[in-house]
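A.B. asks: Dropping the structure in here first, questions after.
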Amino acid sequence: MVEKGSVFLLGSGFIGLEILKELLAEGYNVTTIVRREDARARLEKMGSKTILGSLDDDHLIQDAAAAADIIIHTATADHKPSAMSILDGMAKSGKIGQIYIHTSGCSALTDTNDDGSYSEKIYEDDKPETVDSIADDAPHRLIDLAILKKYRTELGAKAKLSIVLPPIIYGVNNANLLSIQVPTMARFAIKHGYAGYAGKGKAVWGHVHVSDLARGYLTILHFMESASGEKVLENPYFFIENGHEHSWEECATEVGKALRLAGKMEDPTPKEIPSELYSYLFQEWSVAVIGRNARNRANRLRALGWEAREKSTFDSLVSDEIPILLAEKTDFQGYGKAVAS
């Protein structure tokens, strides 16, 4: 039996917990950074070691990254200091073949068309030049470029780096946590009595269930473990999507249908949400988050044998997400934090 490498995991939220479950099931020795003492017990019960700290703890992250064989960052796509700390730790370690998987997001691919119209533009991860063509000031892109520059100039083929760009993630993870975009649309509908979308609703995104996403990370990890540093250096990008794209109007339609099925809405017909109500969605970023196109194809992952196995976006919405959303006791006032996708 081949001994599994040690893993340093940053991010024990919606994505990270599901990846942690997969890593532990395969016998990896995982250490997870946690911000709060009360989170340690849950992670340690799952089987992970923990260290207490934050993404701003430069030396702590450097030391943990230097000690690990594999580093996976799922905490946020937009925290440059922690990504730089990881790379500094890898350089300090002097190890050959260390692996770093960084989570970005398909928001980097979004067009700048705010009218919500459909786009024919599709990005493919086996054609890295298509991803390299996106604007430097696109969401997440400045961080990704800083990571790639440091990796290519300071580490090169001595290390292995991949950047994963998830699309819309759906489903419920092993801690009963929900994703962001579609649940926020559903919370809006519950509060305001109708299902809606930002912009014209014709723009589309790809989707993936959080469990399929986690298995995708493991598929990428196994590829990186077996491939040479030179091979990994050729193309840093991986998409993970289940082959189904949905427009934002379609998402709103299905939210309305699910709430009608639950007895919480009489008319499920969706309509455009006026901009004065964007504070109940994603503030001034509402159209950017749930109104533009981000189309992509996970060609590399499928070539490695990965396939989506979980239920569809809207089957999951009806059976898994809506019951949790209807049980929430808080008065939802919109989503104000950074969005991962």
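Ordering of the structure tokens sets the chain letters (A, B, ...); residue numbers start at 1 within each chain; ligands are numbered from 1 in the order shown.
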Under the rule of at most 12 Å, produce a per-residue listing of segment 42-89 of chain A near segment 211-231 of chain A: chain, number, name, the closest pair of atoms, and the distance in Å, as JSON lines, using only C-alpha atoms.
C.D. replies:
```
{"residue": "A:Asp69", "atom": "CA", "partner": "A:Glu225", "partner_atom": "CA", "distance": 9.9}
{"residue": "A:Ile70", "atom": "CA", "partner": "A:Leu221", "partner_atom": "CA", "distance": 8.6}
{"residue": "A:Ile71", "atom": "CA", "partner": "A:Leu221", "partner_atom": "CA", "distance": 10.1}
{"residue": "A:Ile72", "atom": "CA", "partner": "A:Tyr217", "partner_atom": "CA", "distance": 9.1}
{"residue": "A:His73", "atom": "CA", "partner": "A:Tyr217", "partner_atom": "CA", "distance": 11.0}
{"residue": "A:Thr74", "atom": "CA", "partner": "A:Tyr217", "partner_atom": "CA", "distance": 10.5}
```
A.B. asks: Considering only C-alpha atoms, give me a table of residues in segment 36-107 of chain A that are at most 12 Å from segment 170-176 of chain A, with the closest atom pair and distance in Å for each, as JSON lines.
C.D. replies:
```
{"residue": "A:Ala39", "atom": "CA", "partner": "A:Ala175", "partner_atom": "CA", "distance": 11.8}
{"residue": "A:Arg42", "atom": "CA", "partner": "A:Ala175", "partner_atom": "CA", "distance": 9.6}
{"residue": "A:Leu43", "atom": "CA", "partner": "A:Ala175", "partner_atom": "CA", "distance": 10.6}
{"residue": "A:Met46", "atom": "CA", "partner": "A:Asn174", "partner_atom": "CA", "distance": 10.6}
```
A.B. asks: Once you have the residues from the selection above, write them out as a tab-separated table (two decimals), in the first residue's frame, restricted to C-alpha atoms.
C.D. replies:
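Final file, selection.tsv:
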```
chain	number	residue	atom	x	y	z
A	39	ALA	CA	-14.48	24.55	15.43
A	42	ARG	CA	-15.77	19.04	15.00
A	43	LEU	CA	-12.76	18.76	12.68
A	46	MET	CA	-13.83	13.88	11.67
```
A.B. asks: Would you return as a VMD selection string the members of segment 121-169 of chain A that DSSP assigns to strand (DSSP E) on this structure's backbone?
C.D. replies: chain A and resid 123 to 124 159 to 165 168 to 169
A.B. asks: Write out, as a PDB file, in the first residue's frame, the residues just selected, with N, CA, C and O atoms.
C.D. replies:
```pdb
ATOM      1  N   TYR A 123     -15.076  28.729 -22.339  1.00  0.00           N
ATOM      2  CA  TYR A 123     -13.687  28.493 -21.976  1.00  0.00           C
ATOM      3  C   TYR A 123     -13.473  26.995 -21.753  1.00  0.00           C
ATOM      4  O   TYR A 123     -14.327  26.315 -21.182  1.00  0.00           O
ATOM      5  N   GLU A 124     -12.328  26.487 -22.189  1.00  0.00           N
ATOM      6  CA  GLU A 124     -12.020  25.064 -22.066  1.00  0.00           C
ATOM      7  C   GLU A 124     -10.669  24.893 -21.378  1.00  0.00           C
ATOM      8  O   GLU A 124      -9.687  25.512 -21.775  1.00  0.00           O
ATOM      9  N   ALA A 159       7.978  22.168  -7.993  1.00  0.00           N
ATOM     10  CA  ALA A 159       6.690  22.045  -7.294  1.00  0.00           C
ATOM     11  C   ALA A 159       5.586  21.836  -8.325  1.00  0.00           C
ATOM     12  O   ALA A 159       5.829  21.892  -9.532  1.00  0.00           O
ATOM     13  N   LYS A 160       4.379  21.567  -7.839  1.00  0.00           N
ATOM     14  CA  LYS A 160       3.245  21.331  -8.727  1.00  0.00           C
ATOM     15  C   LYS A 160       2.070  22.172  -8.247  1.00  0.00           C
ATOM     16  O   LYS A 160       1.660  22.060  -7.089  1.00  0.00           O
ATOM     17  N   LEU A 161       1.539  22.998  -9.150  1.00  0.00           N
ATOM     18  CA  LEU A 161       0.446  23.893  -8.782  1.00  0.00           C
ATOM     19  C   LEU A 161      -0.697  23.760  -9.774  1.00  0.00           C
ATOM     20  O   LEU A 161      -0.484  23.708 -10.982  1.00  0.00           O
ATOM     21  N   SER A 162      -1.915  23.701  -9.249  1.00  0.00           N
ATOM     22  CA  SER A 162      -3.113  23.763 -10.084  1.00  0.00           C
ATOM     23  C   SER A 162      -4.079  24.782  -9.495  1.00  0.00           C
ATOM     24  O   SER A 162      -4.169  24.930  -8.267  1.00  0.00           O
ATOM     25  N   ILE A 163      -4.785  25.471 -10.372  1.00  0.00           N
ATOM     26  CA  ILE A 163      -5.823  26.421  -9.974  1.00  0.00           C
ATOM     27  C   ILE A 163      -7.163  25.866 -10.438  1.00  0.00           C
ATOM     28  O   ILE A 163      -7.366  25.606 -11.624  1.00  0.00           O
ATOM     29  N   VAL A 164      -8.070  25.654  -9.492  1.00  0.00           N
ATOM     30  CA  VAL A 164      -9.391  25.104  -9.787  1.00  0.00           C
ATOM     31  C   VAL A 164     -10.395  26.249  -9.833  1.00  0.00           C
ATOM     32  O   VAL A 164     -10.435  27.096  -8.938  1.00  0.00           O
ATOM     33  N   LEU A 165     -11.209  26.272 -10.876  1.00  0.00           N
ATOM     34  CA  LEU A 165     -12.231  27.305 -11.036  1.00  0.00           C
ATOM     35  C   LEU A 165     -13.612  26.654 -10.997  1.00  0.00           C
ATOM     36  O   LEU A 165     -14.118  26.176 -12.019  1.00  0.00           O
ATOM     37  N   ILE A 168     -21.155  27.446 -10.499  1.00  0.00           N
ATOM     38  CA  ILE A 168     -22.158  27.501  -9.435  1.00  0.00           C
ATOM     39  C   ILE A 168     -22.139  26.161  -8.708  1.00  0.00           C
ATOM     40  O   ILE A 168     -22.301  25.112  -9.325  1.00  0.00           O
ATOM     41  N   ILE A 169     -21.926  26.205  -7.405  1.00  0.00           N
ATOM     42  CA  ILE A 169     -21.912  24.983  -6.601  1.00  0.00           C
ATOM     43  C   ILE A 169     -23.268  24.882  -5.895  1.00  0.00           C
ATOM     44  O   ILE A 169     -23.798  25.879  -5.411  1.00  0.00           O
TER      45      ILE A 169
END
```
A.B. asks: As an MDAnalysis selection string, please: every residue in segment 4-81 of chain A that DSSP puts in helix (DSSP H, G or I).
C.D. replies: chainID A and resid 14:25 37:46 58:67 80:81
A.B. asks: Keeping C-alpha atoms, export the residues of the selection given above as an mmCIF file, in the first residue's frame.
C.D. replies:
```cif
data_model
loop_
_atom_site.group_PDB
_atom_site.id
_atom_site.type_symbol
_atom_site.label_atom_id
_atom_site.label_comp_id
_atom_site.auth_asym_id
_atom_site.auth_seq_id
_atom_site.Cartn_x
_atom_site.Cartn_y
_atom_site.Cartn_z
ATOM 1 C CA PHE A 14 -18.816 24.521 2.397
ATOM 2 C CA ILE A 15 -16.181 23.222 -0.056
ATOM 3 C CA GLY A 16 -13.385 22.430 2.361
ATOM 4 C CA LEU A 17 -15.372 20.136 4.641
ATOM 5 C CA GLU A 18 -16.490 18.023 1.706
ATOM 6 C CA ILE A 19 -12.908 17.751 0.417
ATOM 7 C CA LEU A 20 -11.730 16.907 3.945
ATOM 8 C CA LYS A 21 -14.208 14.021 4.096
ATOM 9 C CA GLU A 22 -12.843 12.628 0.817
ATOM 10 C CA LEU A 23 -9.213 13.048 1.898
ATOM 11 C CA LEU A 24 -9.765 11.279 5.210
ATOM 12 C CA ALA A 25 -11.685 8.463 3.516
ATOM 13 C CA GLU A 37 -11.470 27.067 19.199
ATOM 14 C CA ASP A 38 -15.066 25.802 18.993
ATOM 15 C CA ALA A 39 -14.476 24.552 15.434
ATOM 16 C CA ARG A 40 -11.555 22.356 16.397
ATOM 17 C CA ALA A 41 -13.598 19.626 18.078
ATOM 18 C CA ARG A 42 -15.775 19.043 15.000
ATOM 19 C CA LEU A 43 -12.763 18.757 12.684
ATOM 20 C CA GLU A 44 -10.821 16.557 15.074
ATOM 21 C CA LYS A 45 -13.857 14.305 15.460
ATOM 22 C CA MET A 46 -13.827 13.878 11.668
ATOM 23 C CA ASP A 58 2.047 34.481 7.610
ATOM 24 C CA HIS A 59 4.653 32.475 9.541
ATOM 25 C CA LEU A 60 2.127 29.911 10.759
ATOM 26 C CA ILE A 61 0.965 29.228 7.201
ATOM 27 C CA GLN A 62 4.522 29.205 5.868
ATOM 28 C CA ASP A 63 5.577 26.605 8.444
ATOM 29 C CA ALA A 64 2.508 24.412 7.893
ATOM 30 C CA ALA A 65 2.939 24.586 4.108
ATOM 31 C CA ALA A 66 6.629 23.772 4.372
ATOM 32 C CA ALA A 67 5.859 20.698 6.475
ATOM 33 C CA LYS A 80 -3.463 37.086 -1.675
ATOM 34 C CA PRO A 81 -1.344 37.094 1.533
#
```
A.B. asks: Distance atom CA of Arg36 of chain A-atom CA of Leu10 of chain A, one decimal place?
C.D. replies: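 Between atom CA of Arg36 of chain A and atom CA of Leu10 of chain A the gap works out to 13.4 Å.
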A.B. asks: Identify, on the basis of only C-alpha atoms, every residue whose closest approach to Ala138 of chain A does not exceed 8 Å; exclude the query and any residue fewer than 6 positions from it along the same chain; express the result as number ranges by chain.
C.D. replies: A: 107-110
A.B. asks: If we count only C-alpha atoms, what is near segment 179-185 of chain A at a cut-off of 8 Å, once residues fewer than 3 positions away on the same chain are taken out, given as a list in words?
C.D. replies: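 Result of the neighbour search: Phe14, Ile168, Ile169, Tyr170, Gly171, Val172, Phe188, Ala189, Ala195, Gly196, Tyr197, Cys251, Ala252, Val255, Leu281, Val289, Ile290, Glu321, Leu325, Gly334, Tyr335 and Val339 of chain A.
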A.B. asks: Please produce an output containing C-alpha atoms for each residue in the selection, written as a PDB file, in the first residue's frame.
C.D. replies:
```
ATOM      1  CA  PHE A  14     -18.816  24.521   2.397  1.00  0.00           C
ATOM      2  CA  ILE A 168     -22.158  27.501  -9.435  1.00  0.00           C
ATOM      3  CA  ILE A 169     -21.912  24.983  -6.601  1.00  0.00           C
ATOM      4  CA  TYR A 170     -25.097  23.494  -5.194  1.00  0.00           C
ATOM      5  CA  GLY A 171     -26.152  20.815  -2.737  1.00  0.00           C
ATOM      6  CA  VAL A 172     -25.757  20.380   1.009  1.00  0.00           C
ATOM      7  CA  PHE A 188     -35.108  36.591  -1.621  1.00  0.00           C
ATOM      8  CA  ALA A 189     -38.184  34.779  -2.963  1.00  0.00           C
ATOM      9  CA  ALA A 195     -38.927  34.414  -7.499  1.00  0.00           C
ATOM     10  CA  GLY A 196     -36.668  36.817  -9.337  1.00  0.00           C
ATOM     11  CA  TYR A 197     -33.418  37.325 -11.172  1.00  0.00           C
ATOM     12  CA  CYS A 251     -32.899  29.190 -11.751  1.00  0.00           C
ATOM     13  CA  ALA A 252     -35.543  31.678 -10.624  1.00  0.00           C
ATOM     14  CA  VAL A 255     -36.966  28.398  -7.159  1.00  0.00           C
ATOM     15  CA  LEU A 281     -29.267  39.869  -3.069  1.00  0.00           C
ATOM     16  CA  VAL A 289     -22.909  37.504  -9.334  1.00  0.00           C
ATOM     17  CA  ILE A 290     -26.273  36.301 -10.693  1.00  0.00           C
ATOM     18  CA  GLU A 321     -31.902  23.002   0.105  1.00  0.00           C
ATOM     19  CA  LEU A 325     -33.979  27.409   3.905  1.00  0.00           C
ATOM     20  CA  GLY A 334     -28.880  39.977   1.611  1.00  0.00           C
ATOM     21  CA  TYR A 335     -25.463  38.437   1.163  1.00  0.00           C
ATOM     22  CA  VAL A 339     -18.580  35.053  -3.219  1.00  0.00           C
TER      23      VAL A 339
END
```
A.B. asks: Considering only C-alpha atoms, can you say which of A:Gly11, A:Gly199, A:Gly47, A:Pro270 comes closest to Ala186 of chain A?
C.D. replies: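 With only C-alpha atoms as the atom set, the closest residue is A:Pro270.
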A.B. asks: As a ChimeraX atom specification, please: the residues near Pro166 of chain A (cut-off 8 Å, only C-alpha atoms, same-chain neighbours under 5 positions excluded).
C.D. replies: /A:103-106,208,213,239-241,341
A.B. asks: Write out as an NGL selection string the residues lying within 12 Å of Gly193 of chain A, counting only C-alpha atoms and excluding same-chain residues fewer than 6 positions away.
C.D. replies: :A and (185-187 or 255-256 or 259-260 or 263-271 or 273)
A.B. asks: Nearest to Gln333 of chain A among A:His140, A:Tyr280, A:Gly201, A:Ser82, with distances taken over only C-alpha atoms: which residue is it?
C.D. replies: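 Comparing A:His140, A:Tyr280, A:Gly201, A:Ser82 against Gln333 of chain A, the winner is A:Tyr280.
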A.B. asks: Which residues are near segment 116-122 of chain A? Cut-off 12 Å, only C-alpha atoms, ignore same chain within fewer than 2 positions. Put them as a PyMOL selection string.
C.D. replies: chain A and resi 106+109-114+124-125+127+130-131+133-134+197-206+239+245-249+272+286-299
A.B. asks: From the options A:Pro128, A:Gly156, A:Gly94, A:Gly305, which residue's atoms come nearest to Leu233 of chain A, counting only C-alpha atoms?
C.D. replies: A:Gly156
A.B. asks: When you count only C-alpha atoms, which of these residues is closest to Thr153 of chain A: A:Asp136, A:Lys257, A:Ala91, A:Ser48?
C.D. replies: A:Ala91
A.B. asks: Using only C-alpha atoms, which of A:Leu277, A:Ile86, A:Leu148, A:Leu177 sits nearest His192 of chain A?
C.D. replies: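 With only C-alpha atoms as the atom set, the closest residue is A:Leu277.
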